[in-house]
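Q: my_file06.cif is reproduced in full below (mmCIF, C-alpha atoms).
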data_work
#
loop_
_atom_site.group_PDB
_atom_site.id
_atom_site.type_symbol
_atom_site.label_atom_id
_atom_site.label_comp_id
_atom_site.auth_asym_id
_atom_site.auth_seq_id
_atom_site.Cartn_x
_atom_site.Cartn_y
_atom_site.Cartn_z
ATOM 1 C CA MET F 2 50.182 145.513 128.935
ATOM 2 C CA PRO F 3 49.988 148.479 131.351
ATOM 3 C CA LYS F 4 51.032 146.162 134.201
ATOM 4 C CA LEU F 5 54.116 145.060 132.260
ATOM 5 C CA ILE F 6 55.090 148.676 131.650
ATOM 6 C CA VAL F 7 54.499 149.572 135.298
ATOM 7 C CA ASN F 8 56.557 146.534 136.324
ATOM 8 C CA ALA F 9 59.496 147.594 134.125
ATOM 9 C CA VAL F 10 59.291 151.250 135.221
ATOM 10 C CA LEU F 11 59.149 150.296 138.916
ATOM 11 C CA PHE F 12 62.226 148.114 138.479
ATOM 12 C CA GLN F 13 64.160 150.900 136.756
ATOM 13 C CA LEU F 14 63.137 153.514 139.339
ATOM 14 C CA GLY F 15 64.178 151.160 142.135
ATOM 15 C CA TRP F 16 67.465 150.343 140.385
ATOM 16 C CA PHE F 17 68.395 154.011 140.020
ATOM 17 C CA ALA F 18 67.292 154.837 143.563
ATOM 18 C CA CYS F 19 69.451 152.035 144.988
ATOM 19 C CA VAL F 20 72.511 152.685 142.863
ATOM 20 C CA LEU F 21 72.490 156.468 143.171
ATOM 21 C CA GLY F 22 71.536 156.324 146.832
ATOM 22 C CA ASP F 23 70.932 160.060 147.168
ATOM 23 C CA ALA F 24 67.157 159.849 147.123
ATOM 24 C CA PRO F 25 65.272 158.092 149.884
ATOM 25 C CA TRP F 26 66.167 154.860 148.089
ATOM 26 C CA LEU F 27 64.722 152.537 150.700
ATOM 27 C CA ALA F 28 61.327 154.258 150.428
ATOM 28 C CA VAL F 29 61.435 154.058 146.616
ATOM 29 C CA VAL F 30 62.139 150.305 146.762
ATOM 30 C CA ALA F 31 59.415 149.793 149.378
ATOM 31 C CA VAL F 32 56.872 151.663 147.252
ATOM 32 C CA ALA F 33 57.932 149.775 144.107
ATOM 33 C CA VAL F 34 57.527 146.390 145.820
ATOM 34 C CA LEU F 35 54.213 147.397 147.437
ATOM 35 C CA VAL F 36 52.787 148.606 144.122
ATOM 36 C CA HIS F 37 53.975 145.393 142.522
ATOM 37 C CA LEU F 38 52.363 143.216 145.192
ATOM 38 C CA CYS F 39 49.122 145.210 145.328
ATOM 39 C CA TRP F 40 48.530 145.917 141.645
ATOM 40 C CA VAL F 41 50.795 143.859 139.376
ATOM 41 C CA SER F 42 50.751 140.616 141.383
ATOM 42 C CA SER F 43 50.243 139.507 144.994
ATOM 43 C CA TRP F 44 52.198 138.220 147.975
ATOM 44 C CA ALA F 45 50.400 134.878 147.723
ATOM 45 C CA ALA F 46 51.465 134.484 144.090
ATOM 46 C CA GLU F 47 55.036 135.777 144.319
ATOM 47 C CA GLY F 48 56.127 136.160 147.921
ATOM 48 C CA LYS F 49 58.089 132.915 147.925
ATOM 49 C CA LEU F 50 59.873 133.928 144.710
ATOM 50 C CA LEU F 51 60.759 137.374 146.048
ATOM 51 C CA VAL F 52 62.257 135.941 149.244
ATOM 52 C CA THR F 53 64.126 133.181 147.376
ATOM 53 C CA VAL F 54 65.683 135.521 144.811
ATOM 54 C CA PHE F 55 66.566 138.083 147.503
ATOM 55 C CA LEU F 56 68.354 135.457 149.630
ATOM 56 C CA PHE F 57 69.990 133.661 146.676
ATOM 57 C CA GLY F 58 71.230 136.877 145.107
ATOM 58 C CA SER F 59 72.479 138.309 148.390
ATOM 59 C CA ALA F 60 74.420 135.103 149.048
ATOM 60 C CA LEU F 61 75.834 135.014 145.504
ATOM 61 C CA ASP F 62 76.978 138.629 145.526
ATOM 62 C CA SER F 63 78.380 138.277 149.061
ATOM 63 C CA PHE F 64 80.342 135.238 147.831
ATOM 64 C CA LEU F 65 81.658 137.265 144.878
ATOM 65 C CA LEU F 66 82.520 140.110 147.264
ATOM 66 C CA ASN F 67 84.543 137.717 149.424
ATOM 67 C CA LEU F 68 86.316 136.417 146.309
ATOM 68 C CA GLY F 69 87.379 140.010 145.677
ATOM 69 C CA LEU F 70 85.285 140.678 142.564
ATOM 70 C CA PHE F 71 83.772 143.811 144.164
ATOM 71 C CA ASP F 72 85.132 146.356 146.625
ATOM 72 C CA PHE F 73 82.558 148.505 148.404
ATOM 73 C CA GLY F 74 85.114 149.951 150.796
ATOM 74 C CA ALA F 75 85.606 149.200 154.461
ATOM 75 C CA VAL F 76 83.037 149.592 157.222
ATOM 76 C CA ASP F 77 84.507 150.868 160.499
ATOM 77 C CA GLY F 78 87.960 149.963 159.199
ATOM 78 C CA GLU F 79 86.972 146.353 158.554
ATOM 79 C CA PRO F 80 86.509 144.844 155.088
ATOM 80 C CA ARG F 81 82.918 144.029 154.181
ATOM 81 C CA ARG F 82 81.804 140.410 154.326
ATOM 82 C CA LEU F 83 78.231 141.037 153.162
ATOM 83 C CA ILE F 84 76.998 143.187 150.322
ATOM 84 C CA PRO F 85 75.325 146.501 151.155
ATOM 85 C CA LEU F 86 71.552 146.546 151.583
ATOM 86 C CA TRP F 87 71.031 148.571 148.402
ATOM 87 C CA LEU F 88 72.592 145.781 146.319
ATOM 88 C CA ALA F 89 70.583 143.073 148.081
ATOM 89 C CA LEU F 90 67.405 145.033 147.350
ATOM 90 C CA LEU F 91 68.249 145.025 143.637
ATOM 91 C CA TRP F 92 67.760 141.255 143.780
ATOM 92 C CA LEU F 93 64.333 141.797 145.332
ATOM 93 C CA LEU F 94 63.466 144.192 142.524
ATOM 94 C CA LEU F 95 64.728 141.729 139.913
ATOM 95 C CA ALA F 96 62.443 139.059 141.376
ATOM 96 C CA THR F 97 59.430 141.277 140.679
ATOM 97 C CA THR F 98 60.222 141.187 136.947
ATOM 98 C CA LEU F 99 60.631 137.438 136.362
ATOM 99 C CA ASN F 100 56.928 136.622 135.865
ATOM 100 C CA HIS F 101 56.137 139.932 134.212
ATOM 101 C CA CYS F 102 58.324 142.178 132.058
ATOM 102 C CA LEU F 103 61.076 139.527 131.808
ATOM 103 C CA ALA F 104 58.720 136.571 131.312
ATOM 104 C CA TRP F 105 59.482 136.564 127.568
ATOM 105 C CA THR F 106 63.048 135.462 128.376
ATOM 106 C CA ALA F 107 62.007 132.264 130.174
ATOM 107 C CA ARG F 108 61.407 130.107 127.075
ATOM 108 C CA PRO F 109 63.473 129.004 125.312
ATOM 109 C CA TRP F 110 66.128 128.895 128.040
ATOM 110 C CA TRP F 111 68.813 130.435 125.840
ATOM 111 C CA ARG F 112 66.987 133.776 125.826
ATOM 112 C CA ALA F 113 67.475 134.079 129.583
ATOM 113 C CA SER F 114 71.041 132.868 129.235
ATOM 114 C CA LEU F 115 71.831 135.381 126.501
ATOM 115 C CA LEU F 116 70.121 138.265 128.288
ATOM 116 C CA GLY F 117 71.845 137.319 131.539
ATOM 117 C CA ALA F 118 75.263 137.137 129.888
ATOM 118 C CA VAL F 119 74.845 140.593 128.319
ATOM 119 C CA ALA F 120 72.611 142.636 130.632
ATOM 120 C CA GLY F 121 73.847 141.207 133.939
ATOM 121 C CA PRO F 122 77.455 142.396 133.596
ATOM 122 C CA LEU F 123 76.391 145.708 132.048
ATOM 123 C CA SER F 124 74.085 146.340 134.999
ATOM 124 C CA TYR F 125 76.942 145.638 137.421
ATOM 125 C CA LEU F 126 79.282 147.881 135.430
ATOM 126 C CA ALA F 127 76.799 150.767 135.382
ATOM 127 C CA GLY F 128 76.042 150.242 139.063
ATOM 128 C CA ALA F 129 79.737 150.120 139.941
ATOM 129 C CA ARG F 130 80.445 153.344 138.066
ATOM 130 C CA LEU F 131 77.444 155.199 139.509
ATOM 131 C CA ALA F 132 77.837 153.921 143.088
ATOM 132 C CA GLY F 133 81.627 154.128 143.255
ATOM 133 C CA VAL F 134 82.149 150.374 143.591
ATOM 134 C CA GLU F 135 85.592 149.121 142.614
ATOM 135 C CA LEU F 136 86.230 146.071 140.439
ATOM 136 C CA PRO F 137 89.669 145.018 141.772
ATOM 137 C CA TYR F 138 90.327 142.421 139.045
ATOM 138 C CA GLY F 139 89.754 145.018 136.340
ATOM 139 C CA THR F 140 86.768 145.764 134.159
ATOM 140 C CA TRP F 141 87.059 143.083 131.463
ATOM 141 C CA PRO F 142 87.982 140.143 133.707
ATOM 142 C CA SER F 143 85.146 141.087 136.083
ATOM 143 C CA LEU F 144 82.630 141.437 133.244
ATOM 144 C CA THR F 145 83.700 138.080 131.822
ATOM 145 C CA VAL F 146 83.176 136.315 135.167
ATOM 146 C CA LEU F 147 79.823 138.047 135.608
ATOM 147 C CA ALA F 148 78.744 137.100 132.065
ATOM 148 C CA VAL F 149 79.370 133.419 132.740
ATOM 149 C CA ILE F 150 77.601 133.579 136.096
ATOM 150 C CA TRP F 151 74.595 135.462 134.737
ATOM 151 C CA ALA F 152 74.283 133.143 131.745
ATOM 152 C CA LEU F 153 73.520 130.479 134.363
ATOM 153 C CA VAL F 154 71.730 132.564 137.006
ATOM 154 C CA LEU F 155 68.904 134.081 134.948
ATOM 155 C CA PRO F 156 67.683 130.726 133.572
ATOM 156 C CA ALA F 157 67.902 129.294 137.106
ATOM 157 C CA LEU F 158 65.830 132.182 138.473
ATOM 158 C CA HIS F 159 63.238 131.542 135.769
ATOM 159 C CA GLY F 160 63.228 127.917 136.898
ATOM 160 C CA PHE F 161 62.350 129.016 140.439
ATOM 161 C CA ALA F 162 59.686 131.353 139.062
ATOM 162 C CA GLU F 163 58.096 128.522 137.070
ATOM 163 C CA LEU F 164 58.246 126.114 140.014
ATOM 164 C CA TYR F 165 56.593 128.580 142.398
ATOM 165 C CA ARG F 166 54.044 129.653 139.782
ATOM 166 C CA ASN F 167 53.014 126.008 139.314
ATOM 167 C CA GLN F 168 52.841 125.472 143.081
ATOM 168 C CA TYR F 169 50.616 128.532 143.415
ATOM 169 C CA ARG F 170 48.294 127.310 140.643
ATOM 170 C CA GLN F 171 48.068 123.864 142.257
ATOM 171 C CA ARG F 172 47.230 125.475 145.601
ATOM 172 C CA LEU F 173 44.481 127.557 143.968
ATOM 173 C CA ALA F 174 43.063 124.478 142.228
ATOM 174 C CA ALA F 175 43.086 122.491 145.467
ATOM 175 C CA GLU F 176 41.316 125.316 147.295
ATOM 176 C CA ALA F 177 38.712 125.550 144.532
ATOM 177 C CA LEU F 178 38.021 121.837 144.858
ATOM 178 C CA ARG F 179 37.658 122.097 148.644
ATOM 179 C CA THR F 180 35.242 125.007 148.443
ATOM 180 C CA ARG F 181 33.126 123.623 145.592
ATOM 181 C CA PRO F 182 29.783 122.299 146.809
ATOM 182 C CA LEU F 183 29.253 118.576 146.580
ATOM 183 C CA GLU F 184 26.944 117.437 143.804
ATOM 184 C CA PRO F 185 23.992 115.217 144.821
#
As C-alpha coordinates, what does this structure read like?

A:
Amino acid sequence: MPKLIVNAVLFQLGWFACVLGDAPWLAVVAVAVLVHLCWVSSWAAEGKLLVTVFLFGSALDSFLLNLGLFDFGAVDGEPRRLIPLWLALLWLLLATTLNHCLAWTARPWWRASLLGAVAGPLSYLAGARLAGVELPYGTWPSLTVLAVIWALVLPALHGFAELYRNQYRQRLAAEALRTRPLEP
(Lines of atoms letter the chains of each structure in order from A and count residues from 1; the text may use other names and numbers.)
(Lines give C-alpha, C1' and ligand atoms only; values in the text may rest on other atoms or scores of the structure.)
Protein backbone atom coordinates (compact mmCIF):
# COMPACT_ATOMS: atom_id res chain seq x y z
CA MET A 1 0.00 0.00 0.00
CA PRO A 2 2.74 2.57 0.76
CA LYS A 3 4.20 1.96 -2.72
CA LEU A 4 0.83 2.70 -4.33
CA ILE A 5 0.55 5.95 -2.40
CA VAL A 6 4.12 6.91 -3.28
CA ASN A 7 3.39 6.07 -6.93
CA ALA A 8 0.31 8.31 -6.99
CA VAL A 9 2.06 11.17 -5.14
CA LEU A 10 5.09 11.01 -7.47
CA PHE A 11 2.79 11.19 -10.49
CA GLN A 12 0.94 14.21 -9.10
CA LEU A 13 4.15 16.02 -8.14
CA GLY A 14 5.56 15.37 -11.61
CA TRP A 15 2.31 16.49 -13.26
CA PHE A 16 2.27 19.80 -11.39
CA ALA A 17 5.99 20.37 -11.95
CA CYS A 18 5.60 19.84 -15.71
CA VAL A 19 2.43 21.86 -16.13
CA LEU A 20 3.45 24.78 -13.94
CA GLY A 21 7.01 24.73 -15.25
CA ASP A 22 8.33 27.26 -12.74
CA ALA A 23 10.08 24.74 -10.53
CA PRO A 24 13.00 22.71 -11.83
CA TRP A 25 10.39 20.49 -13.48
CA LEU A 26 12.86 18.29 -15.32
CA ALA A 27 14.62 17.43 -12.05
CA VAL A 28 11.28 16.67 -10.35
CA VAL A 29 10.32 14.28 -13.17
CA ALA A 30 13.76 12.66 -13.11
CA VAL A 31 13.56 12.11 -9.35
CA ALA A 32 10.00 10.78 -9.61
CA VAL A 33 10.98 8.25 -12.30
CA LEU A 34 14.16 7.24 -10.45
CA VAL A 35 12.28 6.68 -7.19
CA HIS A 36 9.70 4.69 -9.11
CA LEU A 37 12.32 2.51 -10.78
CA CYS A 38 14.41 2.03 -7.63
CA TRP A 39 11.70 1.54 -5.02
CA VAL A 40 8.26 0.98 -6.55
CA SER A 41 9.34 -1.16 -9.52
CA SER A 42 12.44 -1.68 -11.68
CA TRP A 43 13.78 -0.91 -15.14
CA ALA A 44 13.77 -4.62 -15.98
CA ALA A 45 10.08 -4.90 -15.08
CA GLU A 46 8.80 -1.65 -16.58
CA GLY A 47 11.41 -0.03 -18.79
CA LYS A 48 9.82 -1.28 -22.00
CA LEU A 49 6.41 0.03 -20.88
CA LEU A 50 7.81 3.44 -19.95
CA VAL A 51 9.51 3.86 -23.33
CA THR A 52 6.47 2.59 -25.26
CA VAL A 53 3.99 4.88 -23.50
CA PHE A 54 6.36 7.86 -23.79
CA LEU A 55 6.78 7.36 -27.56
CA PHE A 56 3.12 6.48 -28.21
CA GLY A 57 1.82 9.43 -26.21
CA SER A 58 4.29 11.88 -27.71
CA ALA A 59 3.27 10.77 -31.21
CA LEU A 60 -0.45 10.95 -30.38
CA ASP A 61 -0.27 14.42 -28.86
CA SER A 62 1.99 15.65 -31.68
CA PHE A 63 -0.62 14.34 -34.15
CA LEU A 64 -3.37 16.18 -32.25
CA LEU A 65 -1.19 19.31 -32.20
CA ASN A 66 -0.81 19.13 -35.98
CA LEU A 67 -4.58 18.69 -36.33
CA GLY A 68 -4.92 21.98 -34.45
CA LEU A 69 -6.42 20.63 -31.22
CA PHE A 70 -3.70 22.36 -29.15
CA ASP A 71 -1.76 25.58 -29.63
CA PHE A 72 1.43 25.93 -27.60
CA GLY A 73 2.51 29.05 -29.46
CA ALA A 74 5.24 29.44 -32.03
CA VAL A 75 8.92 28.62 -31.58
CA ASP A 76 11.25 31.10 -33.31
CA GLY A 77 8.28 32.33 -35.34
CA GLU A 78 7.50 28.85 -36.65
CA PRO A 79 4.47 26.79 -35.58
CA ARG A 80 5.28 23.77 -33.44
CA ARG A 81 5.23 20.35 -35.06
CA LEU A 82 6.10 18.39 -31.91
CA ILE A 83 4.71 18.75 -28.43
CA PRO A 84 6.89 20.38 -25.77
CA LEU A 85 9.10 18.14 -23.64
CA TRP A 86 7.05 18.79 -20.50
CA LEU A 87 3.96 17.27 -22.15
CA ALA A 88 5.90 14.27 -23.46
CA LEU A 89 7.21 13.65 -19.94
CA LEU A 90 3.64 13.51 -18.63
CA TRP A 91 3.25 10.36 -20.73
CA LEU A 92 6.34 8.91 -19.06
CA LEU A 93 4.85 9.69 -15.66
CA LEU A 94 1.52 8.14 -16.67
CA ALA A 95 3.35 4.94 -17.64
CA THR A 96 4.66 4.63 -14.08
CA THR A 97 1.08 4.39 -12.78
CA LEU A 98 -0.36 1.69 -15.05
CA ASN A 99 0.85 -1.33 -13.04
CA HIS A 100 0.49 0.40 -9.70
CA CYS A 101 -1.96 3.09 -8.59
CA LEU A 102 -4.04 2.75 -11.79
CA ALA A 103 -3.90 -1.06 -11.92
CA TRP A 104 -7.46 -1.26 -10.54
CA THR A 105 -8.73 0.27 -13.81
CA ALA A 106 -7.33 -2.49 -16.03
CA ARG A 107 -10.10 -5.06 -15.46
CA PRO A 108 -12.82 -4.93 -16.54
CA TRP A 109 -11.81 -2.87 -19.58
CA TRP A 110 -14.68 -0.42 -19.19
CA ARG A 111 -13.15 0.99 -16.00
CA ALA A 112 -10.12 2.19 -17.97
CA SER A 113 -12.39 3.43 -20.73
CA LEU A 114 -14.61 5.35 -18.31
CA LEU A 115 -11.68 6.80 -16.37
CA GLY A 116 -9.94 7.73 -19.61
CA ALA A 117 -13.04 9.43 -21.00
CA VAL A 118 -13.49 11.52 -17.84
CA ALA A 119 -10.03 12.09 -16.35
CA GLY A 120 -8.10 12.37 -19.63
CA PRO A 121 -9.91 15.46 -20.93
CA LEU A 122 -10.05 17.04 -17.47
CA SER A 123 -6.29 16.61 -17.13
CA TYR A 124 -5.76 18.29 -20.51
CA LEU A 125 -8.14 21.10 -19.57
CA ALA A 126 -6.40 21.74 -16.25
CA GLY A 127 -3.01 21.53 -17.93
CA ALA A 128 -4.08 23.89 -20.70
CA ARG A 129 -5.38 26.45 -18.22
CA LEU A 130 -2.32 26.25 -15.95
CA ALA A 131 0.28 26.16 -18.74
CA GLY A 132 -1.38 28.71 -21.02
CA VAL A 133 -2.09 26.24 -23.82
CA GLU A 134 -4.85 27.26 -26.22
CA LEU A 135 -7.61 24.95 -27.42
CA PRO A 136 -8.36 26.52 -30.83
CA TYR A 137 -11.52 24.47 -31.49
CA GLY A 138 -13.03 25.61 -28.20
CA THR A 139 -13.28 23.93 -24.84
CA TRP A 140 -16.25 21.59 -25.34
CA PRO A 141 -15.37 20.33 -28.83
CA SER A 142 -11.79 19.70 -27.68
CA LEU A 143 -12.91 17.89 -24.52
CA THR A 144 -15.31 15.75 -26.55
CA VAL A 145 -12.56 14.67 -28.97
CA LEU A 146 -10.21 13.98 -26.06
CA ALA A 147 -12.89 11.96 -24.23
CA VAL A 148 -13.35 9.67 -27.22
CA ILE A 149 -9.60 9.28 -27.70
CA TRP A 150 -8.92 8.60 -24.02
CA ALA A 151 -11.78 6.11 -23.79
CA LEU A 152 -9.71 4.07 -26.25
CA VAL A 153 -6.18 5.01 -25.18
CA LEU A 154 -6.25 4.04 -21.49
CA PRO A 155 -7.50 0.48 -22.14
CA ALA A 156 -4.88 0.15 -24.90
CA LEU A 157 -2.14 1.30 -22.52
CA HIS A 158 -3.31 -1.28 -20.00
CA GLY A 159 -3.06 -3.85 -22.78
CA PHE A 160 0.60 -2.93 -23.32
CA ALA A 161 1.19 -3.05 -19.56
CA GLU A 162 -0.30 -6.55 -19.35
CA LEU A 163 1.65 -7.77 -22.38
CA TYR A 164 4.98 -6.50 -21.03
CA ARG A 165 4.20 -7.74 -17.51
CA ASN A 166 3.58 -11.24 -18.90
CA GLN A 167 6.76 -11.08 -20.98
CA TYR A 168 8.74 -10.08 -17.90
CA ARG A 169 7.26 -12.95 -15.86
CA GLN A 170 8.06 -15.43 -18.64
CA ARG A 171 11.64 -14.13 -18.79
CA LEU A 172 12.00 -14.55 -15.01
CA ALA A 173 10.59 -18.09 -15.19
CA ALA A 174 12.94 -19.01 -18.03
CA GLU A 175 15.92 -17.63 -16.10
CA ALA A 176 14.88 -19.57 -13.00
CA LEU A 177 14.75 -22.77 -15.03
CA ARG A 178 18.20 -22.13 -16.51
CA THR A 179 19.79 -21.45 -13.14
CA ARG A 180 18.11 -24.33 -11.29
CA PRO A 181 20.51 -27.21 -10.66
CA LEU A 182 19.83 -30.41 -12.52
CA GLU A 183 18.37 -33.22 -10.43
CA PRO A 184 20.22 -36.56 -10.50

Q: Evaluate the PyMOL selection byres ((chain F and resi 86-89) around 9) here and jot the selected residues down as a VMD selection string.

A: chain F and resid 16 18 to 20 22 26 to 27 55 to 56 58 to 60 62 83 to 85 90 to 93

Q: For a cutoff of 7 Å around the file-coordinate point (79.6, 142.6, 134.5), which residues qualify once you count all atoms listed in the file? I'd like the result as an NGL selection string.

A: :F and (121-126 or 143-145 or 147-148)

Q: Rounded to one decimal place, report the CA of Leu95 (chain F)-CA of Glu135 (chain F) distance in Å.

A: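 About the pair CA of Leu95 (chain F) and CA of Glu135 (chain F): they are 22.3 Å apart.
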
Q: What gap, in Å, lies between CA of Pro3 (chain F) and CA of Trp40 (chain F)?

A: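 Separation between CA of Pro3 (chain F) and CA of Trp40 (chain F): 10.7 Å.
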
Q: Counting all atoms listed in the file, figure out which residue out of F:Ala107, F:Ala75, F:Ile6, F:Ala31 gets nearest to Leu158 (chain F).

A: F:Ala107

Q: Produce the centre coordinates and the three edge lengths, each in Å to one decimal, of the box along x, y and z that contains all listed atoms of region 51-60 of chain F with 3 Å added on each side, as lines of an AutoDock Vina configuration file.

A:
center_x = 67.6
center_y = 135.7
center_z = 147.2
size_x = 19.7
size_y = 11.1
size_z = 10.8

Q: Just the number, please: distance in Å from CA of Asp72 (chain F) to CA of Thr98 (chain F), one decimal.

A: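 A separation of 27.2 Å between them.
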
Q: Can you tell me, as a list in words, what residues are no more than 12 Å from Glu163 (chain F) when counting only C-alpha atoms, ignoring any on the same chain fewer than 6 positions away?

A: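 Surrounding residues, per the criterion: Ala46, Glu47, Lys49, Leu50, Leu99, Asn100, His101, Ala104, Ala107, Arg108, Pro156, Ala157, Tyr169 and Arg170 of chain F.
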
Q: Nearest residue to Arg172 (chain F) out of F:Leu153, F:Ala96, F:Ala129, F:Ala45, using only C-alpha atoms?

A: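 Nearest to Arg172 (chain F): F:Ala45.
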
Q: Excluding same-chain residues fewer than 3 positions from Gly69 (chain F), what lies within 9 Å of it counting only C-alpha atoms, as JSON, numbers by chain?

A: {"F": [64, 65, 66, 72, 136, 137, 138]}

Q: Choose the residue, out of F:Arg81, F:Leu94, F:Trp141, F:Cys102, that has the smallest atom-to-atom separation from Val7 (chain F); count all atoms listed in the file.

A: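 For Val7 (chain F), the nearest of the given residues is F:Cys102.
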
Q: For Phe161 (chain F), which residue among F:Val54, F:Leu173, F:Cys39, F:Val149 is the nearest when counting only C-alpha atoms?

A: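 That would be F:Val54, the residue with the smallest distance to Phe161 (chain F).
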
Q: Measuring atom to atom with all atoms listed in the file, identify which of F:Asn8, F:Thr106, F:Asn67, F:Thr53 is nearest to His159 (chain F).

A: F:Thr106
